[in-house]
Every structure is written in structure tokens, then in C-alpha cells.
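This report concerns only the one structure given below.
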Amino acid sequence: MAQKSPTIVDFDHHSPDFAQRNREMAREFLTECPVARTDAYGGFWVVSRYADVLSVLRDTEMFSSGHDHGNGPREGGVIPGGKVGLSGGFAEMDGHEHARLRTALNPYFSTKAVAALKPDIVKSATWLVDQVIERGVADFIHDIAAPIPGIVTLRMLGIPVDRFENFSLPIHLSVAVPPTDPDRPRVNAMLKELLLEMRDWCERKRADPGDDMLSFLATHEFDGELLDMEELTAEAVLLLAGGIDTSLRWFANTFLHLSTHPEDRDWLIANPDKRALAREEFLRYYTPATGKARTAMHDGLIGDQPVKAGDRVYAWFQPANHDPAVFADPERFDMQRAKNLHVSFGFGVHRCIGARLAQVEWDVVFDEILARMPDFQVRLDETVRYASVGQGPGYTAMPFDFTPGPRIGPAEL
Ligand code: HEM
């Protein structure tokens, strides 16, 4: 049988060209080359159609999330995958190794557990808005979107929430500042500090456990053994980092959209009971995580395209979320879109463990903002978008103006 020859494309999701043209490219790839091959970063397959993205994420025997750290072809869930220093935790594991951690942690992220966290999330959002409400001007990224997910996860981990700046900022900057940027050494130094502090918390929790998620991880025996300190630190960093810049990008795109589409903002204010569907459309339309990678473990097919053992594969979520085979009129932003089965949280066994938590954080943040700063206006000429949107479409600065109001919460976070 004749082998289908690959369509070779010029695709680099970290390039300035991609940052400018990714929506247009997503449409082109869906229709012209749904499984294409690029030479970037040693070569990988770019998978665009919804059905193909799902089939890659579903088939964990064929497509591994694992990372061999230079001792094999597997390079984890990110392209380029040459991450140094720390493992990606259970996000970059397969089979039993992944399942034992995931199963143990699932109860902390269940709908019921997250509902119990909501009063604290409200308290944190109120506190953050209180810090700026009297000024009439703030920066959405630095004052709201970066801190809130960090505060919420630190509280779950049992780390004092007033440490949030030391955790949220380095993780945000590690995504926002490209490796070639002159500011990168400063960001790397901040990340190093973060790792040291997290390791210190892991040691403290093991020695003197409390009633929190990190103490649980530090003292739970997996297959009869405690996690070693390096792995424990990696899992703690994953749990923290998984939610910070992803949520920031989702919140920032929502905020900017509402500032530039006042009719949508007015509608959300008038229809608080319909915000849940709107929230999912912001997730689909703006796709906060651009895509995720896998490594093919044996020869096989993606659609009708043969791929080989060891090939790297990029499941590109953005076109999948705009695939007309699944989403009617996909380029239309429809806040009441029904059956919105987007892949923004991934799919299958690695689907985001923090999905419900992130949804509740979004609800709380936008309830707070629409109630207390309903006339906010983003300063578009001072808003700064990431140079690379390879991990997701984010912003480093988003100043905005609003009518000042009174503080309403306690002085302490
Ligand atoms: C808008 C917010 C978020 C988005 C868009 C997002 C996106 C994703 C995606 C796409 C995956 C799948 C990765 C893969 O298949 O390789 C994932 C996994 C994960 N996410 Fe999230 N995430 C968000 C919020 C959070 C939060 C709030 C947390 C924790 C507090 C979190 C922690 C994790 C973890 C630990 C994993 C690994 C799960 C596994 O491998 O079993 N995420 N996330």
C-alpha cells in the first residue's frame, strides 16, 4: 500500500509570526493540512482537527505524556521539551505511575471540595479588589489575575497565602518572558528561589504535617513508599504552576473582551444566572493553553497520516476548539453556546485536575468585578501581550480605569 507523504509546513508556535497570525493559521491547517509535519525543534506533527486531537489524547498506549530527561525519545507535554531542573510531576507520567498520584489527589479538586473552598476564594477576591478600589486605576494582570490562582492554591497546599507574590510572579514571568529575553536571567533566579522555598515547605510538611494537601502528599505512601523529596517538590510545583498562568490568560482575555465589547458586559451584568455558559465560551474562543505534546510509542496513524515510534506530536487545541465539524459557526463568539465541549482543559486521563477550581475562580473574580468595578476600561495602548503565545495568549500588563469605590472586606488577606 502506498504511504501517504507528509505535508511539510513552516510551523513554530513560539514564533512572532505565530503570535500575530495564529487564528488565521488555525483555520488554514484545519482545512488544508489537519495532520502536518514541521521541522521546528527537531521535528513534530501538528494535529488540528477536534477528532484527531481527541484520539491522540485518548490513546495513552500509543501517545505517551512521559519524559525521559535525555535518556530516551520522550520529552513530556511541552515542545520544545528540553526542560531542566525539575520533572513535570504526574502531568508527565503514564499508566500506574500517573494514576496513583492523580487518584490520590482527585478528592481535593472534586466539585464538592471546590464548593467548600468558595467562601475563601470570595474572601481573597474581595481583598485583592479592596487593595485597588479606592484608586480608580489598577493593573488587571498584577493586581488580580496573577495573584488569585496563586493565593487559592497556596491555601490548599497549606502555605501562608501572604507568600503569594514569591510564587505567582515567577511562574507568570516564566511563561511571559521568552528564553532569549535579556530579563530572563532575573526570572530564572526567581524560579530558583521558588523551588528552594517549595522544597523547604515540603520538608516542613513531612516533619510536621497539618491538615492540607501538601501534608497529605508528604506523608502518603504510594505503593508502600513515601515520595522522595525531589519528586514531592515537583508535584507541589506542578499543582501550583498548573493553575497560575493558565488561569491568568483566561481571566485576562475575558476582561479585555468585556472592556472592548460593552454589550457583552452589559448582558453579563443583567444575566448573572447565565454566566456559566458564557464562561465556557471564553474558554473555547480564547483557548488559554495553545496545545499539548505527546510522544508516539510505536508506529501508527493519526487520521490517515502514518507516524513513527519516537515521533513528537503536538495536539493543537486552538483549531480543535474552532473545528466546524463540532462547533457551529465557530468564529462567532456566542455566550450562550450550548453543548460547548471544548478541549481547553485537555481530554482523557490527563484532563486538567484543576478544571472545576478554575471555573469557580472565574465565577468569583467576575462576580466581584462586575459588581464593584462595572465600568472598567482597559487602557488598550498600555496593554502588553506576550511576545510568544506558544503556551497561550497572555498579557504582562493590562492597566485599567474605573470609578473608585469603598473597601468592603477585612484588612488581612
Ligand atoms: C484556565 C485554567 C486552566 C487551564 C486552561 C488548564 C489547562 C490544562 C490542560 C490542557 C491540562 C492537560 C495537560 C495534558 O494533557 O498534558 C491540564 C492538566 C493539569 N492541570 Fe490545568 N489548567 C487550568 C487550571 C488549573 C488549576 C487551577 C490547577 C491546579 C490548582 C491545574 C493543575 C493541573 C494539573 C496538576 C494537571 C495535570 C493533570 C494530569 O496530568 O493528570 N490546572 N491543565
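Order determines the names: the first chain of the C-alpha cells is A, the second B, and so forth; residues in each chain are numbered 1 upward, and ligands are numbered 1 upward as they are shown.
The protein and nucleic acid residues lying at most 9 Å from Gln336 in chain A are Lys274, Arg275, Ala276, Leu277, Ala278 and Glu281 of chain A, with only C-alpha atoms considered and sequence neighbours fewer than 3 positions away removed.
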Handout entry: Distance filter 6 Å around ligand 1, atoms: only C-alpha atoms and all ligand atoms, out as a ChimeraX atom specification
Key = /A:77,90-91,102,153,238-240,242-243,246-247,250,288-289,292,344-346,349-355,357-358
Preceding selection exported with N, CA, C and O atoms as a CSV table (one decimal), in the first residue's frame:
chain,number,residue,atom,x,y,z
A,77,GLY,N,5.1,16.9,27.9
A,77,GLY,CA,3.9,17.6,27.3
A,77,GLY,C,4.1,18.9,26.7
A,77,GLY,O,3.2,19.6,26.3
A,90,PHE,N,3.2,14.5,37.9
A,90,PHE,CA,2.4,13.5,37.3
A,90,PHE,C,1.8,13.9,35.9
A,90,PHE,O,1.3,13.0,35.2
A,91,ALA,N,1.9,15.1,35.6
A,91,ALA,CA,1.4,15.5,34.2
A,91,ALA,C,2.3,14.9,33.1
A,91,ALA,O,1.9,14.7,32.0
A,102,ARG,N,-2.7,10.8,40.7
A,102,ARG,CA,-3.9,11.5,40.2
A,102,ARG,C,-5.1,11.1,41.1
A,102,ARG,O,-5.9,11.9,41.6
A,153,THR,N,-4.3,28.3,45.4
A,153,THR,CA,-3.6,27.0,45.5
A,153,THR,C,-2.7,27.0,46.7
A,153,THR,O,-2.5,25.9,47.4
A,238,LEU,N,4.0,21.5,40.4
A,238,LEU,CA,3.0,21.3,39.3
A,238,LEU,C,1.7,21.7,39.8
A,238,LEU,O,1.0,22.4,39.0
A,239,LEU,N,1.3,21.4,41.0
A,239,LEU,CA,-0.1,21.7,41.5
A,239,LEU,C,-0.2,23.3,41.5
A,239,LEU,O,-1.3,23.8,41.2
A,240,LEU,N,0.9,23.9,41.9
A,240,LEU,CA,0.8,25.4,42.0
A,240,LEU,C,0.9,26.0,40.6
A,240,LEU,O,0.0,26.8,40.2
A,242,GLY,N,0.4,24.7,37.6
A,242,GLY,CA,-0.7,24.3,36.6
A,242,GLY,C,-1.8,25.3,36.5
A,242,GLY,O,-2.4,25.5,35.5
A,243,GLY,N,-2.0,26.0,37.6
A,243,GLY,CA,-3.2,26.9,37.6
A,243,GLY,C,-2.9,28.4,37.5
A,243,GLY,O,-3.8,29.2,37.3
A,246,THR,N,-2.2,29.7,33.3
A,246,THR,CA,-3.4,29.3,32.5
A,246,THR,C,-4.6,30.1,32.9
A,246,THR,O,-5.3,30.7,32.1
A,247,SER,N,-4.8,30.2,34.2
A,247,SER,CA,-6.0,31.0,34.7
A,247,SER,C,-5.8,32.5,34.4
A,247,SER,O,-6.8,33.1,33.9
A,250,TRP,N,-6.8,33.1,30.8
A,250,TRP,CA,-8.3,33.0,30.7
A,250,TRP,C,-8.9,34.3,31.2
A,250,TRP,O,-9.8,34.9,30.6
A,288,PRO,N,-6.9,29.1,26.5
A,288,PRO,CA,-5.8,29.6,27.3
A,288,PRO,C,-4.5,28.8,27.1
A,288,PRO,O,-3.4,29.3,27.3
A,289,ALA,N,-4.6,27.5,26.9
A,289,ALA,CA,-3.5,26.6,26.7
A,289,ALA,C,-3.5,26.3,25.2
A,289,ALA,O,-4.4,25.6,24.7
A,292,LYS,N,-0.9,20.8,23.6
A,292,LYS,CA,-0.1,19.9,24.5
A,292,LYS,C,0.6,18.8,23.6
A,292,LYS,O,0.1,18.4,22.6
A,344,SER,N,-10.2,22.9,26.0
A,344,SER,CA,-9.3,23.8,26.7
A,344,SER,C,-8.7,23.3,28.0
A,344,SER,O,-7.6,23.7,28.4
A,345,PHE,N,-9.4,22.3,28.6
A,345,PHE,CA,-8.8,21.7,29.8
A,345,PHE,C,-8.2,20.3,29.4
A,345,PHE,O,-7.9,19.5,30.3
A,346,GLY,N,-8.0,20.1,28.1
A,346,GLY,CA,-7.4,18.8,27.6
A,346,GLY,C,-8.5,17.8,27.6
A,346,GLY,O,-9.7,18.1,27.6
A,349,VAL,N,-7.3,11.0,30.5
A,349,VAL,CA,-6.8,10.7,31.9
A,349,VAL,C,-6.0,11.9,32.4
A,349,VAL,O,-5.9,12.1,33.6
A,350,HIS,N,-5.4,12.7,31.5
A,350,HIS,CA,-4.7,13.9,31.9
A,350,HIS,C,-5.5,15.2,31.9
A,350,HIS,O,-4.9,16.3,32.2
A,351,ARG,N,-6.8,15.1,31.7
A,351,ARG,CA,-7.6,16.3,31.7
A,351,ARG,C,-7.4,17.1,33.0
A,351,ARG,O,-7.3,16.5,34.0
A,352,CYS,N,-7.3,18.4,32.8
A,352,CYS,CA,-6.9,19.2,34.0
A,352,CYS,C,-7.6,18.8,35.3
A,352,CYS,O,-8.8,18.9,35.4
A,353,ILE,N,-6.8,18.6,36.3
A,353,ILE,CA,-7.3,18.2,37.6
A,353,ILE,C,-8.0,19.5,38.2
A,353,ILE,O,-8.9,19.4,39.1
A,354,GLY,N,-7.5,20.7,37.9
A,354,GLY,CA,-8.0,21.9,38.5
A,354,GLY,C,-9.1,22.6,37.7
A,354,GLY,O,-9.4,23.7,38.0
A,355,ALA,N,-9.8,21.8,36.8
A,355,ALA,CA,-10.8,22.5,36.0
A,355,ALA,C,-11.9,23.1,36.8
A,355,ALA,O,-12.3,24.3,36.6
A,357,LEU,N,-11.9,23.9,39.9
A,357,LEU,CA,-11.4,25.0,40.7
A,357,LEU,C,-11.2,26.3,39.9
A,357,LEU,O,-11.7,27.4,40.3
A,358,ALA,N,-10.7,26.2,38.7
A,358,ALA,CA,-10.5,27.3,37.8
A,358,ALA,C,-11.9,28.0,37.5
A,358,ALA,O,-12.0,29.2,37.4
Problem - DSSP strand (DSSP E or B) selection over range 239-349 of chain A, as a VMD selection string - result: chain A and resid 291 to 296 300 to 302 305 to 307 312 to 316
Completion exercise
From the list A:Gly210, A:Ala270, A:Glu412, A:Asp304, the nearest residue to Gln131 in chain A using only C-alpha atoms is A:Glu412
Problem - Selected residue, from A:Gly291, A:Pro262, A:Pro73, A:Pro178, that lies nearest to Asn321 in chain A when counting only C-alpha atoms - result: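 For Asn321 in chain A, the nearest of the given residues is A:Gly291.
Once range 390-407 of chain A and its same-chain neighbours fewer than 4 positions away are set aside, A:His13, A:His14, A:Asp130, A:Ile133, A:Glu134, A:Arg135, A:Gly136, A:Val137, A:Ala138, A:Asp139, A:Phe140, A:Ile141, A:Ala176, A:Arg249, A:Pro288, A:Ala289, A:Thr290, A:Met373, A:Asp375, A:Phe376, A:Gln377, A:Val378, A:Arg379, A:Glu382, A:Thr383, A:Val384, A:Arg385, A:Tyr386 remain within 7 Å of it when counting only C-alpha atoms.
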Problem - Neighbour list for Leu227 in chain A as number ranges by chain, cut-off 12 Å, only C-alpha atoms, skip fewer than 2 positions in-chain - result: A: 89, 97, 100-101, 202-203, 206, 214-225, 229-236
Residue selection dump (N, CA, C and O atoms) as a compact mmCIF listing (two decimals), in the first residue's frame:
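Okay, again_4.txt is ready:
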# COMPACT_ATOMS: atom_id res chain seq x y z
N GLY A 89 6.25 16.44 37.14
CA GLY A 89 5.31 15.78 38.04
C GLY A 89 4.42 14.80 37.30
O GLY A 89 4.77 14.33 36.22
N GLU A 97 1.99 4.91 37.24
CA GLU A 97 2.77 5.98 37.88
C GLU A 97 1.92 7.26 37.97
O GLU A 97 1.88 7.94 39.00
N ARG A 100 -1.62 6.67 40.22
CA ARG A 100 -1.57 6.57 41.70
C ARG A 100 -1.56 7.98 42.32
O ARG A 100 -2.17 8.21 43.36
N LEU A 101 -0.88 8.91 41.66
CA LEU A 101 -0.87 10.29 42.18
C LEU A 101 -2.19 10.99 41.90
O LEU A 101 -2.79 11.65 42.74
N CYS A 202 8.06 21.53 51.66
CA CYS A 202 7.85 20.07 51.60
C CYS A 202 8.52 19.40 52.81
O CYS A 202 7.93 18.50 53.43
N GLU A 203 9.71 19.85 53.12
CA GLU A 203 10.42 19.26 54.27
C GLU A 203 9.65 19.54 55.57
O GLU A 203 9.49 18.67 56.42
N ARG A 206 6.55 17.38 55.84
CA ARG A 206 6.85 15.98 56.17
C ARG A 206 7.18 15.85 57.67
O ARG A 206 6.73 14.91 58.32
N LEU A 214 -0.57 19.51 50.78
CA LEU A 214 0.87 19.21 50.73
C LEU A 214 1.27 18.25 51.85
O LEU A 214 2.08 17.35 51.63
N SER A 215 0.66 18.41 53.04
CA SER A 215 0.95 17.47 54.12
C SER A 215 0.50 16.06 53.73
O SER A 215 1.20 15.07 54.02
N PHE A 216 -0.65 15.98 53.06
CA PHE A 216 -1.12 14.68 52.59
C PHE A 216 -0.10 14.05 51.65
O PHE A 216 0.32 12.90 51.83
N LEU A 217 0.35 14.83 50.66
CA LEU A 217 1.32 14.29 49.69
C LEU A 217 2.64 13.92 50.37
O LEU A 217 3.29 12.96 49.98
N ALA A 218 3.02 14.70 51.37
CA ALA A 218 4.31 14.48 52.04
C ALA A 218 4.29 13.24 52.91
O ALA A 218 5.35 12.68 53.22
N THR A 219 3.11 12.80 53.32
CA THR A 219 3.04 11.69 54.29
C THR A 219 2.35 10.45 53.72
O THR A 219 2.34 9.40 54.37
N HIS A 220 1.78 10.56 52.53
CA HIS A 220 1.06 9.42 51.95
C HIS A 220 2.06 8.43 51.36
O HIS A 220 3.01 8.82 50.71
N GLU A 221 1.80 7.13 51.59
CA GLU A 221 2.68 6.12 51.00
C GLU A 221 2.09 5.66 49.68
O GLU A 221 0.94 5.20 49.64
N PHE A 222 2.85 5.80 48.61
CA PHE A 222 2.44 5.32 47.29
C PHE A 222 3.14 3.99 47.06
O PHE A 222 4.38 3.95 47.09
N ASP A 223 2.37 2.93 46.85
CA ASP A 223 2.94 1.58 46.73
C ASP A 223 3.91 1.29 47.88
O ASP A 223 5.01 0.78 47.68
N GLY A 224 3.53 1.72 49.06
CA GLY A 224 4.32 1.39 50.25
C GLY A 224 5.49 2.33 50.54
O GLY A 224 6.25 2.09 51.48
N GLU A 225 5.66 3.38 49.73
CA GLU A 225 6.80 4.29 49.97
C GLU A 225 6.38 5.75 49.90
O GLU A 225 5.50 6.11 49.12
N MET A 229 12.08 13.53 48.21
CA MET A 229 11.91 14.98 48.36
C MET A 229 11.87 15.69 47.00
O MET A 229 11.12 16.64 46.81
N GLU A 230 12.66 15.19 46.06
CA GLU A 230 12.68 15.84 44.75
C GLU A 230 11.33 15.67 44.04
O GLU A 230 10.79 16.61 43.47
N GLU A 231 10.80 14.45 44.12
CA GLU A 231 9.51 14.23 43.46
C GLU A 231 8.39 15.00 44.16
O GLU A 231 7.52 15.59 43.52
N LEU A 232 8.43 14.99 45.49
CA LEU A 232 7.41 15.72 46.24
C LEU A 232 7.43 17.20 45.84
O LEU A 232 6.37 17.81 45.59
N THR A 233 8.62 17.77 45.73
CA THR A 233 8.74 19.18 45.34
C THR A 233 8.17 19.38 43.93
O THR A 233 7.45 20.35 43.66
N ALA A 234 8.48 18.44 43.03
CA ALA A 234 7.99 18.56 41.65
C ALA A 234 6.46 18.52 41.62
O ALA A 234 5.83 19.30 40.89
N GLU A 235 5.86 17.65 42.42
CA GLU A 235 4.39 17.57 42.43
C GLU A 235 3.78 18.85 43.01
O GLU A 235 2.77 19.35 42.51
N ALA A 236 4.41 19.39 44.05
CA ALA A 236 3.90 20.62 44.65
C ALA A 236 3.99 21.77 43.66
O ALA A 236 3.06 22.57 43.52
Practice task
Give the answer as one residue: which of A:Val237, A:Ala320, A:Val365, A:Met213 has the shortest atom-to-atom distance to Ala252 in chain A, using only C-alpha atoms?
Solution key: A:Val365
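Among the candidate residues A:Thr287, A:Val364, A:Ile79, A:Phe63, the one lying nearest to Val122 in chain A is A:Val364, with distances computed using only C-alpha atoms.
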Practice task
Would you please give, as a count of residues only, all residues of range 122-183 of chain A that DSSP assigns to alpha helix (DSSP H) based on the backbone?
Solution key: 35
Handout entry: Residue nearest Thr60 in chain A - candidates A:Gly348, A:Pro185, A:Leu173, A:Gly310, atoms counted: only C-alpha atoms
Key = A:Gly348
Exercise for the section: Considering only C-alpha atoms, state which residue in the set A:Val47, A:Ile8, A:Ile148, A:Leu413 is at the smallest distance from Ala26 in chain A. Expected result: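 Comparing A:Val47, A:Ile8, A:Ile148, A:Leu413 against Ala26 in chain A, the winner is A:Val47.
Picture a line from CA of Val326 in chain A to CA of Ala40 in chain A; it runs 29.2 Å.
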Exercise for the section: May I have the residues within 10 Å of Phe327 in chain A as JSON, numbers by chain, using only C-alpha atoms and disregarding those fewer than 3 positions away in the same chain? Expected result: {"A": [50, 284, 320, 321, 322, 323, 324, 330, 331, 332, 337, 338, 339, 340, 341, 342]}
